[in-house]
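A.B. asks: Structure file my_file-v1.txt, compact mmCIF, C-alpha atoms, is pasted below:
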```txt
# COMPACT_ATOMS: atom_id res chain seq x y z
CA SER A 1 80.09 20.62 8.45
CA LEU A 2 78.86 23.02 11.12
CA GLY A 3 80.69 20.93 13.72
CA THR A 4 77.97 21.09 16.35
CA THR A 5 74.83 19.45 17.63
CA TRP A 6 71.77 21.52 16.84
CA ALA A 7 69.43 22.55 19.63
CA PRO A 8 65.68 22.43 18.93
CA PRO A 9 64.44 25.79 17.70
CA MET A 10 62.16 27.85 19.93
CA SER A 11 58.93 29.19 18.50
CA SER A 12 58.37 32.94 18.47
CA GLY A 13 55.74 32.46 21.18
CA ILE A 14 58.19 30.70 23.50
CA ARG A 15 60.83 33.35 22.84
CA ARG A 16 58.37 36.08 23.77
CA GLY A 17 57.36 34.19 26.91
CA LEU A 18 60.98 33.95 27.99
CA GLY A 19 61.65 37.60 27.23
CA LEU A 20 63.81 36.65 24.23
CA ALA A 21 61.69 38.17 21.48
CA GLY A 22 64.70 40.01 20.08
CA VAL A 23 67.17 37.12 20.08
CA VAL A 24 67.43 33.55 18.89
CA MET A 25 69.68 30.87 20.35
CA SER A 26 72.42 29.42 18.18
CA ALA A 27 73.35 25.75 18.45
CA ARG A 28 76.50 26.67 20.35
CA GLY A 29 74.54 28.46 23.06
CA ARG A 30 75.46 31.96 21.94
CA LYS A 31 72.66 34.42 21.45
CA LEU A 32 72.29 35.19 17.76
CA GLU A 33 70.86 38.68 17.98
CA LEU A 34 68.30 40.31 15.77
CA ARG A 35 69.42 43.79 14.79
CA GLN A 36 67.63 46.74 13.24
CA PHE A 37 68.53 46.97 9.56
CA GLY A 38 69.68 50.54 9.03
CA ASN A 39 66.86 52.94 9.87
CA SER A 40 64.18 50.53 8.62
CA GLU A 41 61.69 48.56 10.69
CA LEU A 42 63.31 45.30 9.58
CA MET A 43 64.83 43.17 12.36
CA VAL A 44 67.41 40.82 10.88
CA SER A 45 69.74 38.17 12.25
CA GLU A 46 73.44 38.94 12.56
CA VAL A 47 74.04 36.42 9.76
CA CYS A 48 72.41 36.72 6.33
CA ALA A 49 71.98 33.60 4.19
CA GLY A 50 73.37 33.93 0.67
CA SER A 51 72.03 31.95 -2.28
CA MET A 52 74.31 32.87 -5.17
CA THR A 53 75.16 29.29 -6.18
CA TRP A 54 71.89 27.47 -5.52
CA GLY A 55 71.30 26.00 -8.94
CA SER A 56 74.90 26.05 -10.18
CA PHE A 57 77.65 24.78 -7.85
CA ASN A 58 74.96 23.71 -5.38
CA GLY A 59 73.06 21.91 -8.09
CA ASN A 60 70.55 19.93 -6.06
CA ARG A 61 67.38 21.46 -4.62
CA ASP A 62 67.49 19.14 -1.61
CA GLU A 63 70.99 20.42 -0.83
CA ALA A 64 69.71 24.02 -0.83
CA PHE A 65 66.77 22.98 1.37
CA ALA A 66 69.13 21.30 3.85
CA GLN A 67 71.22 24.47 4.04
CA LEU A 68 68.12 26.61 4.55
CA ASP A 69 66.83 24.24 7.24
CA ALA A 70 70.16 24.43 9.08
CA LEU A 71 70.32 28.21 8.81
CA TRP A 72 66.73 28.63 10.01
CA GLU A 73 67.35 26.29 12.96
CA LEU A 74 70.43 28.31 13.90
CA GLY A 75 68.35 31.48 13.96
CA VAL A 76 69.04 33.05 10.57
CA ASN A 77 65.94 34.95 9.44
CA PHE A 78 67.52 36.99 6.61
CA ILE A 79 67.88 35.57 3.06
CA ASP A 80 69.57 37.39 0.18
CA THR A 81 69.01 36.35 -3.43
CA ALA A 82 68.63 37.85 -6.92
CA GLU A 83 66.78 37.25 -10.16
CA MET A 84 70.23 36.65 -11.70
CA TYR A 85 71.13 33.84 -9.27
CA PRO A 86 72.66 31.36 -9.56
CA VAL A 87 75.84 32.64 -11.15
CA ALA A 88 78.91 31.00 -12.75
CA PHE A 89 76.62 28.94 -15.03
CA ASN A 90 72.92 28.17 -15.36
CA TYR A 91 72.20 31.84 -14.68
CA GLY A 92 68.91 33.14 -13.40
CA GLU A 93 65.64 32.29 -11.65
CA THR A 94 66.52 28.98 -9.92
CA SER A 95 67.69 30.38 -6.57
CA GLU A 96 64.50 32.40 -6.11
CA GLU A 97 62.35 29.43 -7.12
CA TRP A 98 64.03 27.13 -4.59
CA ILE A 99 63.67 29.70 -1.81
CA GLY A 100 59.98 30.09 -2.64
CA ASP A 101 59.48 26.32 -2.63
CA TRP A 102 61.27 26.06 0.73
CA LEU A 103 59.18 28.83 2.29
CA THR A 104 55.99 27.08 1.17
CA SER A 105 57.01 23.51 2.02
CA ARG A 106 58.19 24.49 5.50
CA ALA A 107 55.22 26.80 6.13
CA ILE A 108 57.59 29.53 7.33
CA PRO A 109 55.59 32.41 8.89
CA ARG A 110 56.09 35.29 6.47
CA GLU A 111 56.40 37.87 9.24
CA GLU A 112 59.32 35.97 10.76
CA ILE A 113 61.62 36.06 7.72
CA VAL A 114 63.23 38.90 5.77
CA ILE A 115 63.75 38.43 2.03
CA ALA A 116 66.08 40.54 -0.08
CA THR A 117 66.43 40.19 -3.84
CA LYS A 118 67.78 42.18 -6.76
CA VAL A 119 66.97 43.35 -10.29
CA ASN A 120 69.80 43.52 -12.83
CA CYS A 121 70.11 45.73 -15.89
CA MET A 122 71.09 42.78 -18.10
CA GLY A 123 67.59 41.33 -17.83
CA VAL A 124 68.91 37.94 -16.70
CA GLY A 125 66.02 36.20 -14.98
CA SER A 126 63.32 38.65 -16.05
CA SER A 127 63.16 38.00 -19.78
CA ASP A 128 64.03 35.19 -22.16
CA PRO A 129 66.22 35.94 -23.96
CA PRO A 130 67.60 38.56 -21.55
CA VAL A 131 67.10 42.15 -22.65
CA LYS A 132 69.40 44.92 -21.42
CA HIS A 133 67.60 47.83 -19.83
CA ALA A 134 68.24 51.01 -17.85
CA PHE A 135 66.07 50.19 -14.81
CA ASP A 136 63.09 51.79 -16.53
CA VAL A 137 59.67 51.65 -14.89
CA ALA A 138 58.17 48.87 -17.01
CA ARG A 139 61.20 46.56 -16.88
CA VAL A 140 61.71 46.97 -13.13
CA GLU A 141 58.05 46.28 -12.39
CA GLN A 142 58.10 43.22 -14.66
CA ALA A 143 61.22 41.90 -12.94
CA CYS A 144 59.80 42.54 -9.47
CA ARG A 145 56.55 40.73 -10.23
CA GLN A 146 58.44 37.73 -11.60
CA SER A 147 60.60 37.61 -8.47
CA LEU A 148 57.46 37.73 -6.32
CA ARG A 149 55.99 34.83 -8.30
CA ARG A 150 59.15 32.72 -7.95
CA LEU A 151 59.53 33.52 -4.25
CA GLN A 152 55.81 32.83 -3.69
CA VAL A 153 55.37 35.96 -1.56
CA GLU A 154 53.23 39.09 -1.88
CA VAL A 155 55.91 41.63 -0.97
CA ILE A 156 59.71 41.82 -1.04
CA ASP A 157 61.28 43.23 2.11
CA LEU A 158 64.41 44.67 0.46
CA TYR A 159 64.68 45.18 -3.31
CA GLN A 160 68.04 46.22 -4.73
CA LEU A 161 69.50 47.44 -8.01
CA HIS A 162 72.10 44.72 -8.56
CA PHE A 163 74.73 46.91 -10.25
CA PRO A 164 74.71 50.36 -11.82
CA THR A 165 73.98 50.84 -15.51
CA ARG A 166 76.70 53.47 -15.87
CA TYR A 167 79.46 50.89 -15.24
CA GLY A 168 78.53 48.58 -18.07
CA PRO A 169 77.28 45.02 -18.20
CA GLY A 170 79.15 42.22 -16.53
CA ILE A 171 81.93 44.35 -15.02
CA PHE A 172 81.77 45.85 -11.53
CA GLY A 173 83.71 48.99 -10.63
CA TRP A 174 86.05 51.37 -12.37
CA GLY A 175 89.09 49.32 -11.42
CA SER A 176 87.98 46.48 -13.70
CA TYR A 177 88.30 48.56 -16.85
CA VAL A 178 91.52 48.44 -18.85
CA SER A 179 90.69 51.49 -20.92
CA ALA A 180 88.29 54.40 -21.20
CA GLU A 181 87.20 53.00 -24.56
CA ARG A 182 86.09 49.75 -22.96
CA PHE A 183 84.08 51.67 -20.39
CA GLU A 184 82.35 53.74 -23.06
CA ALA A 185 81.59 50.66 -25.14
CA THR A 186 79.92 48.69 -22.33
CA ARG A 187 77.98 51.09 -20.14
CA LEU A 188 74.21 51.32 -20.63
CA THR A 189 73.66 54.87 -19.33
CA ASN A 190 75.64 57.91 -18.29
CA ALA A 191 75.75 59.32 -14.77
CA SER A 192 73.37 62.22 -15.41
CA MET A 193 70.86 63.29 -12.79
CA ASP A 194 68.07 62.50 -15.25
CA VAL A 195 69.11 58.83 -15.20
CA PHE A 196 69.28 58.72 -11.41
CA GLU A 197 65.86 60.35 -11.13
CA ALA A 198 64.28 57.96 -13.63
CA GLN A 199 65.64 54.93 -11.78
CA VAL A 200 64.50 56.21 -8.39
CA LEU A 201 61.04 56.85 -9.84
CA ALA A 202 60.98 53.25 -11.13
CA ILE A 203 61.53 52.10 -7.55
CA LYS A 204 58.90 54.55 -6.29
CA ASN A 205 56.42 52.82 -8.58
CA LEU A 206 57.06 49.54 -6.75
CA LEU A 207 56.63 51.22 -3.37
CA ASP A 208 53.38 52.84 -4.54
CA LEU A 209 52.11 49.45 -5.73
CA GLY A 210 53.00 47.83 -2.40
CA LEU A 211 55.29 45.28 -4.05
CA ILE A 212 58.36 46.13 -1.92
CA ARG A 213 58.96 47.52 1.58
CA TYR A 214 62.46 49.00 1.19
CA TRP A 215 65.03 49.41 -1.56
CA GLY A 216 68.79 49.62 -1.80
CA LEU A 217 71.89 49.44 -3.99
CA SER A 218 74.24 46.50 -4.52
CA ASN A 219 77.75 46.57 -6.02
CA GLU A 220 77.58 50.36 -6.03
```
Re-express the file's structure as structure tokens.
C.D. replies:
Amino acid sequence: SLGTTWAPPMSSGIRRGLGLAGVVMSARGRKLELRQFGNSELMVSEVCAGSMTWGSFNGNRDEAFAQLDALWELGVNFIDTAEMYPVAFNYGETSEEWIGDWLTSRAIPREEIVIATKVNCMGVGSSDPPVKHAFDVARVEQACRQSLRRLQVEVIDLYQLHFPTRYGPGIFGWGSYVSAERFEATRLTNASMDVFEAQVLAIKNLLDLGLIRYWGLSNE
């Protein structure tokens, strides 16, 4: 429970009229500020909504919708998801689909919400059965277009590489490896500059196509 009584949300027009274009009011009366995201033009709420278990532990779409409704009413305009979500079980696709359905059913103005999602090198969510890849141009574009379809939007605000191919599938970080042999057996690429350049060029392709606005790294 959020332990509070929600205040009615103010429209963007009312906020502008009151000189509050850069803030939203939380239910507890505190100003939930919108902040510039890095050096981008994105203005995001102080709180970002996660979606990692929508479709697994949060197994009901109505439950996810209720959480999104509450977050939106409290002033959260930033949603993070991934083609791989949900995790733990029932991997892939569902979280993005539910977010897209919510955006459409609630007629959320696209310019008022920031959507971040991720592509993973295991191919979970972008192919069936999943196919491992090295963030090559074709696979990344395919994954991005499928995320756009599920989210029911024309552009993704922040697109991230979910985890690096040089670490190996399913294991994040050097500290997780019990031996050098295990690392060598699981990684998909090495750390050469050629690999980095190829992956950056795959992202450039999305920028050139107008499919994403910004890109970033996750679990890096």
A.B. asks: Go through segment 69-117 of chain A and flag each residue having an atom no more than 12 Å from segment 53-56 of chain A; for those, report the closest pair of atoms plus their distance in Å to one decimal, using all atoms listed in the file, ordered by chain and rising number, as CSV.
C.D. replies:
```
residue,atom,partner,partner_atom,distance
A:Asp80,CA,A:Trp54,CA,11.7
A:Thr81,CA,A:Trp54,CA,9.6
A:Ala82,CA,A:Thr53,CA,10.8
A:Glu83,CA,A:Trp54,CA,12.0
A:Met84,CA,A:Thr53,CA,10.4
A:Tyr85,CA,A:Thr53,CA,6.8
A:Pro86,CA,A:Thr53,CA,4.7
A:Val87,CA,A:Thr53,CA,6.0
A:Ala88,CA,A:Ser56,CA,6.9
A:Phe89,CA,A:Ser56,CA,5.9
A:Asn90,CA,A:Ser56,CA,5.9
A:Tyr91,CA,A:Ser56,CA,7.8
A:Gly92,CA,A:Gly55,CA,8.8
A:Glu93,CA,A:Gly55,CA,8.9
A:Thr94,CA,A:Gly55,CA,5.7
A:Ser95,CA,A:Trp54,CA,5.2
A:Glu96,CA,A:Trp54,CA,8.9
A:Glu97,CA,A:Gly55,CA,9.8
A:Trp98,CA,A:Trp54,CA,7.9
A:Ile99,CA,A:Trp54,CA,9.3
```
A.B. asks: Write out as a PyMOL selection string which residues come within 12 Å of segment 138-146 of chain A when counting only C-alpha atoms, dropping same-chain ones fewer than 6 positions away.
C.D. replies: chain A and resi 82-84+92-93+96-97+100+116-128+130-132+152-162+198-212+215
A.B. asks: Write the residues you've just listed into a file as a PDB file, in the coordinates of the input, and include C-alpha atoms for each of them.
C.D. replies:
```pdb
ATOM      1  CA  ALA A  82      68.630  37.850  -6.920  1.00  0.00           C
ATOM      2  CA  GLU A  83      66.780  37.250 -10.160  1.00  0.00           C
ATOM      3  CA  MET A  84      70.230  36.650 -11.700  1.00  0.00           C
ATOM      4  CA  GLY A  92      68.910  33.140 -13.400  1.00  0.00           C
ATOM      5  CA  GLU A  93      65.640  32.290 -11.650  1.00  0.00           C
ATOM      6  CA  GLU A  96      64.500  32.400  -6.110  1.00  0.00           C
ATOM      7  CA  GLU A  97      62.350  29.430  -7.120  1.00  0.00           C
ATOM      8  CA  GLY A 100      59.980  30.090  -2.640  1.00  0.00           C
ATOM      9  CA  ALA A 116      66.080  40.540  -0.080  1.00  0.00           C
ATOM     10  CA  THR A 117      66.430  40.190  -3.840  1.00  0.00           C
ATOM     11  CA  LYS A 118      67.780  42.180  -6.760  1.00  0.00           C
ATOM     12  CA  VAL A 119      66.970  43.350 -10.290  1.00  0.00           C
ATOM     13  CA  ASN A 120      69.800  43.520 -12.830  1.00  0.00           C
ATOM     14  CA  CYS A 121      70.110  45.730 -15.890  1.00  0.00           C
ATOM     15  CA  MET A 122      71.090  42.780 -18.100  1.00  0.00           C
ATOM     16  CA  GLY A 123      67.590  41.330 -17.830  1.00  0.00           C
ATOM     17  CA  VAL A 124      68.910  37.940 -16.700  1.00  0.00           C
ATOM     18  CA  GLY A 125      66.020  36.200 -14.980  1.00  0.00           C
ATOM     19  CA  SER A 126      63.320  38.650 -16.050  1.00  0.00           C
ATOM     20  CA  SER A 127      63.160  38.000 -19.780  1.00  0.00           C
ATOM     21  CA  ASP A 128      64.030  35.190 -22.160  1.00  0.00           C
ATOM     22  CA  PRO A 130      67.600  38.560 -21.550  1.00  0.00           C
ATOM     23  CA  VAL A 131      67.100  42.150 -22.650  1.00  0.00           C
ATOM     24  CA  LYS A 132      69.400  44.920 -21.420  1.00  0.00           C
ATOM     25  CA  GLN A 152      55.810  32.830  -3.690  1.00  0.00           C
ATOM     26  CA  VAL A 153      55.370  35.960  -1.560  1.00  0.00           C
ATOM     27  CA  GLU A 154      53.230  39.090  -1.880  1.00  0.00           C
ATOM     28  CA  VAL A 155      55.910  41.630  -0.970  1.00  0.00           C
ATOM     29  CA  ILE A 156      59.710  41.820  -1.040  1.00  0.00           C
ATOM     30  CA  ASP A 157      61.280  43.230   2.110  1.00  0.00           C
ATOM     31  CA  LEU A 158      64.410  44.670   0.460  1.00  0.00           C
ATOM     32  CA  TYR A 159      64.680  45.180  -3.310  1.00  0.00           C
ATOM     33  CA  GLN A 160      68.040  46.220  -4.730  1.00  0.00           C
ATOM     34  CA  LEU A 161      69.500  47.440  -8.010  1.00  0.00           C
ATOM     35  CA  HIS A 162      72.100  44.720  -8.560  1.00  0.00           C
ATOM     36  CA  ALA A 198      64.280  57.960 -13.630  1.00  0.00           C
ATOM     37  CA  GLN A 199      65.640  54.930 -11.780  1.00  0.00           C
ATOM     38  CA  VAL A 200      64.500  56.210  -8.390  1.00  0.00           C
ATOM     39  CA  LEU A 201      61.040  56.850  -9.840  1.00  0.00           C
ATOM     40  CA  ALA A 202      60.980  53.250 -11.130  1.00  0.00           C
ATOM     41  CA  ILE A 203      61.530  52.100  -7.550  1.00  0.00           C
ATOM     42  CA  LYS A 204      58.900  54.550  -6.290  1.00  0.00           C
ATOM     43  CA  ASN A 205      56.420  52.820  -8.580  1.00  0.00           C
ATOM     44  CA  LEU A 206      57.060  49.540  -6.750  1.00  0.00           C
ATOM     45  CA  LEU A 207      56.630  51.220  -3.370  1.00  0.00           C
ATOM     46  CA  ASP A 208      53.380  52.840  -4.540  1.00  0.00           C
ATOM     47  CA  LEU A 209      52.110  49.450  -5.730  1.00  0.00           C
ATOM     48  CA  GLY A 210      53.000  47.830  -2.400  1.00  0.00           C
ATOM     49  CA  LEU A 211      55.290  45.280  -4.050  1.00  0.00           C
ATOM     50  CA  ILE A 212      58.360  46.130  -1.920  1.00  0.00           C
ATOM     51  CA  TRP A 215      65.030  49.410  -1.560  1.00  0.00           C
TER      52      TRP A 215
END
```
A.B. asks: Which value, in Å to one decimal, gives the distance between atom CA of Arg149 of chain A and atom CA of Ala64 of chain A?
C.D. replies: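 Going from atom CA of Arg149 of chain A over to atom CA of Ala64 of chain A, I get 19.0 Å.
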A.B. asks: Grab the atom CA of Ser218 of chain A to atom CA of Gly75 of chain A distance for me, in Å with one decimal place.
C.D. replies: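 Distance reported for this atom pair: 24.5 Å.
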A.B. asks: Quick one: of A:Ala134, A:Ala107, A:Ala185, A:Leu74, who's nearest to Glu197 of chain A, counting all atoms listed in the file?
C.D. replies: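 Residue with the minimum atom-to-atom distance to Glu197 of chain A: A:Ala134.
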A.B. asks: Can you tell me how far atom CA of Asn190 of chain A sits from atom CA of Phe135 of chain A, in Å to one decimal?
C.D. replies: 12.8 Å
A.B. asks: Can you pull out the residues contacting Leu71 of chain A? Cut-off 10 Å, using all atoms listed in the file, and skip same-chain residues under 4 positions away; I want them as a list in words.
C.D. replies: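 Near neighbours after the sequence-gap exclusion: Ser26, Val47, Cys48, Ala49, Phe65, Ala66, Gln67, Gly75, Val76, Asn77, Phe78 and Ile79 of chain A.
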